[in-house]
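Peer 1: Provided herewith: data29.cif, mmCIF, C-alpha atoms.
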```
data_model
#
loop_
_atom_site.group_PDB
_atom_site.id
_atom_site.type_symbol
_atom_site.label_atom_id
_atom_site.label_comp_id
_atom_site.auth_asym_id
_atom_site.auth_seq_id
_atom_site.Cartn_x
_atom_site.Cartn_y
_atom_site.Cartn_z
ATOM 1 C CA MET X 19 17.491 33.558 31.969
ATOM 2 C CA LYS X 20 18.461 30.120 30.615
ATOM 3 C CA ASN X 21 14.769 29.225 30.118
ATOM 4 C CA LEU X 22 14.176 32.476 28.272
ATOM 5 C CA LEU X 23 17.051 31.694 25.899
ATOM 6 C CA ILE X 24 15.651 28.212 25.222
ATOM 7 C CA VAL X 25 12.190 29.648 24.523
ATOM 8 C CA LEU X 26 13.665 32.229 22.136
ATOM 9 C CA LEU X 27 15.673 29.592 20.273
ATOM 10 C CA LEU X 28 12.665 27.287 19.940
ATOM 11 C CA SER X 29 10.585 30.204 18.672
ATOM 12 C CA ALA X 30 13.221 31.003 16.058
ATOM 13 C CA PHE X 31 13.240 27.387 14.822
ATOM 14 C CA ALA X 32 9.440 27.288 14.690
ATOM 15 C CA GLY X 33 9.342 30.570 12.808
ATOM 16 C CA GLY X 34 11.877 29.286 10.288
ATOM 17 C CA GLY X 35 9.575 26.373 9.406
ATOM 18 C CA TYR X 36 6.829 28.831 8.495
ATOM 19 C CA ALA X 37 8.774 29.878 5.403
ATOM 20 C CA MET X 38 7.882 26.595 3.650
ATOM 21 C CA ILE X 39 4.742 26.300 1.540
ATOM 22 C CA GLU X 40 1.402 26.409 3.291
ATOM 23 C CA THR X 41 -0.505 23.192 2.620
ATOM 24 C CA LEU X 42 -3.918 23.973 1.163
ATOM 25 C CA SER X 43 -7.028 21.826 1.225
ATOM 26 C CA ILE X 44 -7.933 20.240 -2.097
ATOM 27 C CA GLU X 45 -10.886 22.645 -2.278
ATOM 28 C CA GLN X 46 -8.594 25.655 -1.821
ATOM 29 C CA LEU X 47 -6.098 24.274 -4.320
ATOM 30 C CA THR X 48 -8.764 23.853 -7.012
ATOM 31 C CA ALA X 49 -10.437 27.182 -6.208
ATOM 32 C CA ILE X 50 -7.282 29.231 -6.846
ATOM 33 C CA SER X 51 -6.255 27.217 -9.921
ATOM 34 C CA ASP X 52 -7.288 28.388 -13.390
ATOM 35 C CA LEU X 53 -6.764 24.927 -14.820
ATOM 36 C CA VAL X 54 -6.926 21.417 -13.316
ATOM 37 C CA VAL X 55 -5.885 18.724 -15.790
ATOM 38 C CA SER X 56 -4.202 15.412 -16.189
ATOM 39 C CA ALA X 57 -1.354 15.689 -18.650
ATOM 40 C CA LYS X 58 1.652 13.896 -20.050
ATOM 41 C CA LEU X 59 4.968 15.745 -19.976
ATOM 42 C CA ILE X 60 6.393 15.689 -23.489
ATOM 43 C CA GLY X 61 9.264 18.129 -23.080
ATOM 44 C CA VAL X 62 11.468 19.459 -20.279
ATOM 45 C CA LYS X 63 14.099 22.064 -21.100
ATOM 46 C CA GLU X 64 16.292 24.179 -18.836
ATOM 47 C CA THR X 65 16.079 27.749 -20.119
ATOM 48 C CA GLY X 66 18.318 29.650 -17.719
ATOM 49 C CA LYS X 67 18.733 30.747 -14.136
ATOM 50 C CA THR X 68 17.223 33.408 -11.911
ATOM 51 C CA PRO X 69 19.553 36.152 -10.610
ATOM 52 C CA GLU X 70 19.796 34.039 -7.422
ATOM 53 C CA GLY X 71 21.054 31.042 -9.425
ATOM 54 C CA VAL X 72 17.890 28.895 -9.359
ATOM 55 C CA ASN X 73 17.252 26.851 -12.532
ATOM 56 C CA ILE X 74 14.309 27.824 -14.724
ATOM 57 C CA CYS X 75 12.657 25.121 -16.843
ATOM 58 C CA ALA X 76 10.195 25.356 -19.702
ATOM 59 C CA ASN X 77 7.985 22.276 -19.734
ATOM 60 C CA LEU X 78 5.611 21.185 -22.469
ATOM 61 C CA ALA X 79 2.618 19.075 -21.463
ATOM 62 C CA GLU X 80 -0.172 17.511 -23.493
ATOM 63 C CA ILE X 81 -3.571 17.590 -21.782
ATOM 64 C CA THR X 82 -5.216 14.164 -21.480
ATOM 65 C CA GLU X 83 -8.241 15.140 -19.333
ATOM 66 C CA VAL X 84 -9.721 18.469 -18.187
ATOM 67 C CA PHE X 85 -11.374 18.859 -14.770
ATOM 68 C CA LYS X 86 -11.396 22.665 -14.584
ATOM 69 C CA GLY X 87 -10.745 25.146 -17.378
ATOM 70 C CA GLU X 88 -11.588 25.659 -21.007
ATOM 71 C CA LEU X 89 -8.712 24.008 -22.873
ATOM 72 C CA PRO X 90 -9.398 20.920 -25.011
ATOM 73 C CA VAL X 91 -7.914 17.456 -24.591
ATOM 74 C CA GLY X 92 -4.810 17.178 -26.786
ATOM 75 C CA GLU X 93 -3.865 20.846 -26.303
ATOM 76 C CA LYS X 94 -0.200 21.439 -25.526
ATOM 77 C CA ILE X 95 0.590 23.899 -22.742
ATOM 78 C CA LYS X 96 3.782 25.511 -21.463
ATOM 79 C CA ILE X 97 4.541 25.298 -17.746
ATOM 80 C CA LYS X 98 7.343 27.287 -16.110
ATOM 81 C CA THR X 99 9.053 25.642 -13.120
ATOM 82 C CA PHE X 100 11.999 26.293 -10.815
ATOM 83 C CA PRO X 101 13.331 22.777 -10.010
ATOM 84 C CA GLY X 102 16.426 23.939 -8.111
ATOM 85 C CA PHE X 103 14.351 25.884 -5.592
ATOM 86 C CA GLU X 104 13.329 24.316 -2.263
ATOM 87 C CA ASP X 105 9.887 22.761 -2.795
ATOM 88 C CA GLY X 106 10.244 23.500 -6.522
ATOM 89 C CA VAL X 107 8.477 21.291 -9.048
ATOM 90 C CA LYS X 108 10.668 19.013 -11.156
ATOM 91 C CA PHE X 109 8.946 17.229 -14.020
ATOM 92 C CA SER X 110 10.151 14.094 -15.797
ATOM 93 C CA GLU X 111 9.566 13.733 -19.508
ATOM 94 C CA GLY X 112 7.128 10.936 -20.388
ATOM 95 C CA LYS X 113 5.457 10.885 -16.946
ATOM 96 C CA LYS X 114 1.783 11.641 -16.317
ATOM 97 C CA TYR X 115 0.637 14.209 -13.755
ATOM 98 C CA LEU X 116 -2.486 15.730 -12.282
ATOM 99 C CA LEU X 117 -1.773 19.451 -12.427
ATOM 100 C CA PHE X 118 -3.284 22.426 -10.636
ATOM 101 C CA LEU X 119 -2.187 25.433 -12.690
ATOM 102 C CA GLN X 120 -2.416 29.219 -12.717
ATOM 103 C CA LYS X 121 -2.215 31.259 -15.930
ATOM 104 C CA GLN X 122 0.635 33.766 -16.268
ATOM 105 C CA GLU X 123 1.072 35.625 -19.553
ATOM 106 C CA ASN X 124 1.751 32.948 -22.224
ATOM 107 C CA HIS X 125 2.395 30.042 -19.852
ATOM 108 C CA PHE X 126 1.214 28.388 -16.639
ATOM 109 C CA ILE X 127 2.798 27.945 -13.220
ATOM 110 C CA VAL X 128 2.030 25.150 -10.763
ATOM 111 C CA THR X 129 -0.342 26.255 -7.997
ATOM 112 C CA ASN X 130 1.288 26.202 -4.560
ATOM 113 C CA SER X 131 4.502 24.663 -5.826
ATOM 114 C CA VAL X 132 4.855 20.889 -5.258
ATOM 115 C CA GLN X 133 1.350 20.597 -3.837
ATOM 116 C CA GLY X 134 -0.090 21.364 -7.280
ATOM 117 C CA SER X 135 1.739 18.598 -9.154
ATOM 118 C CA TRP X 136 0.763 14.993 -8.468
ATOM 119 C CA GLU X 137 2.557 12.339 -10.471
ATOM 120 C CA ILE X 138 0.250 9.523 -11.630
ATOM 121 C CA ASP X 139 1.715 6.006 -11.348
ATOM 122 C CA GLU X 140 1.109 3.067 -13.715
ATOM 123 C CA GLN X 141 -1.977 1.999 -11.707
ATOM 124 C CA GLY X 142 -3.512 5.496 -11.991
ATOM 125 C CA LYS X 143 -2.839 6.413 -8.344
ATOM 126 C CA PHE X 144 -1.622 9.819 -7.307
ATOM 127 C CA MET X 145 1.805 10.196 -5.795
ATOM 128 C CA GLY X 146 3.549 13.031 -3.948
ATOM 129 C CA MET X 147 1.189 15.359 -2.103
ATOM 130 C CA GLY X 148 -1.740 13.620 -3.826
ATOM 131 C CA THR X 149 -1.036 10.256 -2.174
ATOM 132 C CA GLY X 150 -4.276 8.804 -0.815
ATOM 133 C CA LYS X 151 -6.504 11.165 -2.837
ATOM 134 C CA THR X 152 -8.894 9.913 -5.496
ATOM 135 C CA ILE X 153 -10.083 11.372 -8.783
ATOM 136 C CA GLU X 154 -13.571 11.549 -7.275
ATOM 137 C CA GLU X 155 -12.234 13.866 -4.548
ATOM 138 C CA VAL X 156 -10.678 16.076 -7.221
ATOM 139 C CA LYS X 157 -13.915 16.239 -9.229
ATOM 140 C CA LYS X 158 -15.902 17.045 -6.077
ATOM 141 C CA ALA X 159 -13.436 19.791 -5.099
ATOM 142 C CA VAL X 160 -13.658 21.361 -8.575
ATOM 143 C CA THR X 161 -17.439 21.680 -8.290
ATOM 144 C CA ALA X 162 -17.469 22.668 -4.593
ATOM 145 C CA LYS X 163 -18.332 26.198 -3.588
ATOM 146 C CA PRO X 164 -15.181 27.730 -2.061
ATOM 147 C CA ALA X 165 -15.320 28.270 1.690
ATOM 148 C CA PRO X 166 -15.267 31.903 2.770
ATOM 149 C CA LYS X 167 -11.767 33.122 3.472
ATOM 150 C CA THR X 168 -11.145 33.719 7.147
ATOM 151 C CA GLU X 169 -9.059 36.691 8.143
ATOM 152 C CA VAL X 170 -5.940 35.712 10.054
ATOM 153 C CA PRO X 171 -4.505 38.459 12.227
ATOM 154 C CA ASP X 172 -0.890 39.467 11.674
ATOM 155 C CA LEU X 173 0.876 38.283 14.820
ATOM 156 C CA GLN X 174 4.178 40.063 14.847
ATOM 157 C CA LEU X 175 6.206 39.963 18.004
#
```
Output the file's structure in the form of structure tokens.

Peer 2:
Amino acid sequence: MKNLLIVLLLSAFAGGGYAMIETLSIEQLTAISDLVVSAKLIGVKETGKTPEGVNICANLAEITEVFKGELPVGEKIKIKTFPGFEDGVKFSEGKKYLLFLQKQENHFIVTNSVQGSWEIDEQGKFMGMGTGKTIEEVKKAVTAKPAPKTEVPDLQL
């Protein structure tokens, strides 16, 4: 009985970790993004809160390089973020980022939350979930044919 209780508790903890974002391969990340760009954040403004109390920010970014998508360099885009949410993206004005974005109405959202926003340091290296990746890997992923999606069975206990 004691062993059963331990197994149930461990299962509950493991199941709780599943609620966090699923890490995608760089190929998957680029495949589901409408836009992949490097950009400089030129404006960050809190615009309100969700009914649950999570901050909503309107961010303005100027595109400096386009890897996927049809927007020109110099174009300014609006990006909606939720920085108070666990794994939410929080931009800093004046910083440069590599962004994987999805179009929604008149703005963009970051693909797969924090995984789709890689800050670029002064040496041009990616930080955050892009640490260790290169621009060549990004370019290759943009042109790669997406792998077929495998069906994962729903394993409810």

Peer 1: Find the spatial neighbours of Leu117 of chain X, counting all atoms listed in the file, within a cut-off of 6 Å - ignore same-chain residues fewer than 3 positions away - and output them as number ranges by chain.

Peer 2: X: 54-55, 134-135

Peer 1: Which residues would end up in the selection if the PyMOL selection byres ((chain X and resi 71) around 12) were applied here, given that I need the answer as a tab-separated table (two decimals) with C-alpha atoms, in the frame of the given file?

Peer 2:
```
chain	number	residue	atom	x	y	z
X	66	GLY	CA	18.32	29.65	-17.72
X	67	LYS	CA	18.73	30.75	-14.14
X	68	THR	CA	17.22	33.41	-11.91
X	69	PRO	CA	19.55	36.15	-10.61
X	70	GLU	CA	19.80	34.04	-7.42
X	72	VAL	CA	17.89	28.90	-9.36
X	73	ASN	CA	17.25	26.85	-12.53
X	74	ILE	CA	14.31	27.82	-14.72
X	100	PHE	CA	12.00	26.29	-10.82
X	101	PRO	CA	13.33	22.78	-10.01
X	102	GLY	CA	16.43	23.94	-8.11
X	103	PHE	CA	14.35	25.88	-5.59
```

Peer 1: Check the smallest atom-to-atom distance from each of X:Gln133, X:Ile60, X:Phe85, X:Val107 to Glu154 of chain X using all atoms listed in the file, then report the winner.

Peer 2: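 For Glu154 of chain X, the nearest of the candidates is X:Phe85.
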
Peer 1: Pick out the closest residue to Phe109 of chain X from this set: X:Lys158, X:Lys63, X:Lys94, X:Lys163. Count only C-alpha atoms.

Peer 2: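 Ranked by minimum distance to Phe109 of chain X, first place goes to X:Lys63.
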
Peer 1: Suppose a student applies the PyMOL selection byres ((chain X and resi 145) around 12) to this structure; what residues should they get, written as a count of residues only?

Peer 2: 25

Peer 1: Quick one, how far is atom CA of Lys121 of chain X from atom CA of Thr82 of chain X?

Peer 2: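 Interatomic distance here is 18.2 Å.
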
Peer 1: Between atom CA of Leu53 of chain X and atom CA of Gly112 of chain X, what is the distance, to one decimal in Å?

Peer 2: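 Interatomic distance here is 20.5 Å.
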
Peer 1: Using all atoms listed in the file, list the residues that have an atom at most 12 Å from (0.6, 26.9, -22.8), coordinates as in the file, as a list in words.

Peer 2: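 Within the cut-off we find Leu53, Ala76, Asn77, Leu78, Ala79, Glu80, Ile81, Leu89, Pro90, Gly92, Glu93, Lys94, Ile95, Lys96, Ile97, Lys98, Leu119, Gln120, Lys121, Gln122, Glu123, Asn124, His125, Phe126 and Ile127 of chain X.
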
Peer 1: Can I get the selected residues back with C-alpha atoms, as a compact mmCIF listing (two decimals), in the frame of the given file?

Peer 2:
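The new file again.txt reads:
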```
# COMPACT_ATOMS: atom_id res chain seq x y z
CA LEU X 53 -6.76 24.93 -14.82
CA ALA X 76 10.20 25.36 -19.70
CA ASN X 77 7.98 22.28 -19.73
CA LEU X 78 5.61 21.18 -22.47
CA ALA X 79 2.62 19.08 -21.46
CA GLU X 80 -0.17 17.51 -23.49
CA ILE X 81 -3.57 17.59 -21.78
CA LEU X 89 -8.71 24.01 -22.87
CA PRO X 90 -9.40 20.92 -25.01
CA GLY X 92 -4.81 17.18 -26.79
CA GLU X 93 -3.86 20.85 -26.30
CA LYS X 94 -0.20 21.44 -25.53
CA ILE X 95 0.59 23.90 -22.74
CA LYS X 96 3.78 25.51 -21.46
CA ILE X 97 4.54 25.30 -17.75
CA LYS X 98 7.34 27.29 -16.11
CA LEU X 119 -2.19 25.43 -12.69
CA GLN X 120 -2.42 29.22 -12.72
CA LYS X 121 -2.22 31.26 -15.93
CA GLN X 122 0.64 33.77 -16.27
CA GLU X 123 1.07 35.62 -19.55
CA ASN X 124 1.75 32.95 -22.22
CA HIS X 125 2.40 30.04 -19.85
CA PHE X 126 1.21 28.39 -16.64
CA ILE X 127 2.80 27.94 -13.22
```

Peer 1: For segment 84-102 of chain X, take all atoms listed in the file, fit an axis-aligned box around them, add 6 Å to each of the six sides, then output centre and edge lengths in Å rounded to one decimal, as AutoDock Vina command-line options.

Peer 2:
```
--center_x 2.4 --center_y 22.2 --center_z -17.4 --size_x 40.0 --size_y 22.1 --size_z 30.7
```

Peer 1: For the provided coordinates, the residues matched by the PyMOL selection byres ((chain X and resi 41-44) around 9) should be stated as a list of chain:residue names.

Peer 2: X:Ile39, X:Glu40, X:Glu45, X:Gln46, X:Leu47, X:Thr48, X:Ala49, X:Asn130, X:Gln133, X:Glu155, X:Val156, X:Ala159, X:Val160

Peer 1: Restricting the output to C-alpha atoms, write the selected residues as a PDB file, keeping the file's coordinate frame.

Peer 2:
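Full text of result-v4.pdb as output:
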```
ATOM      1  CA  ILE X  39       4.742  26.300   1.540  1.00  0.00           C
ATOM      2  CA  GLU X  40       1.402  26.409   3.291  1.00  0.00           C
ATOM      3  CA  GLU X  45     -10.886  22.645  -2.278  1.00  0.00           C
ATOM      4  CA  GLN X  46      -8.594  25.655  -1.821  1.00  0.00           C
ATOM      5  CA  LEU X  47      -6.098  24.274  -4.320  1.00  0.00           C
ATOM      6  CA  THR X  48      -8.764  23.853  -7.012  1.00  0.00           C
ATOM      7  CA  ALA X  49     -10.437  27.182  -6.208  1.00  0.00           C
ATOM      8  CA  ASN X 130       1.288  26.202  -4.560  1.00  0.00           C
ATOM      9  CA  GLN X 133       1.350  20.597  -3.837  1.00  0.00           C
ATOM     10  CA  GLU X 155     -12.234  13.866  -4.548  1.00  0.00           C
ATOM     11  CA  VAL X 156     -10.678  16.076  -7.221  1.00  0.00           C
ATOM     12  CA  ALA X 159     -13.436  19.791  -5.099  1.00  0.00           C
ATOM     13  CA  VAL X 160     -13.658  21.361  -8.575  1.00  0.00           C
TER      14      VAL X 160
END
```

Peer 1: One decimal, Å: what's the distance from atom CA of Ala57 of chain X over to atom CA of Cys75 of chain X, could you say?

Peer 2: 17.0 Å

Peer 1: With distances taken over only C-alpha atoms, which of X:Asp105, X:Glu111, X:Glu88, X:Thr99 is nearest to Lys58 of chain X?

Peer 2: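 Of X:Asp105, X:Glu111, X:Glu88, X:Thr99, the one nearest Lys58 of chain X is X:Glu111, counting only C-alpha atoms.
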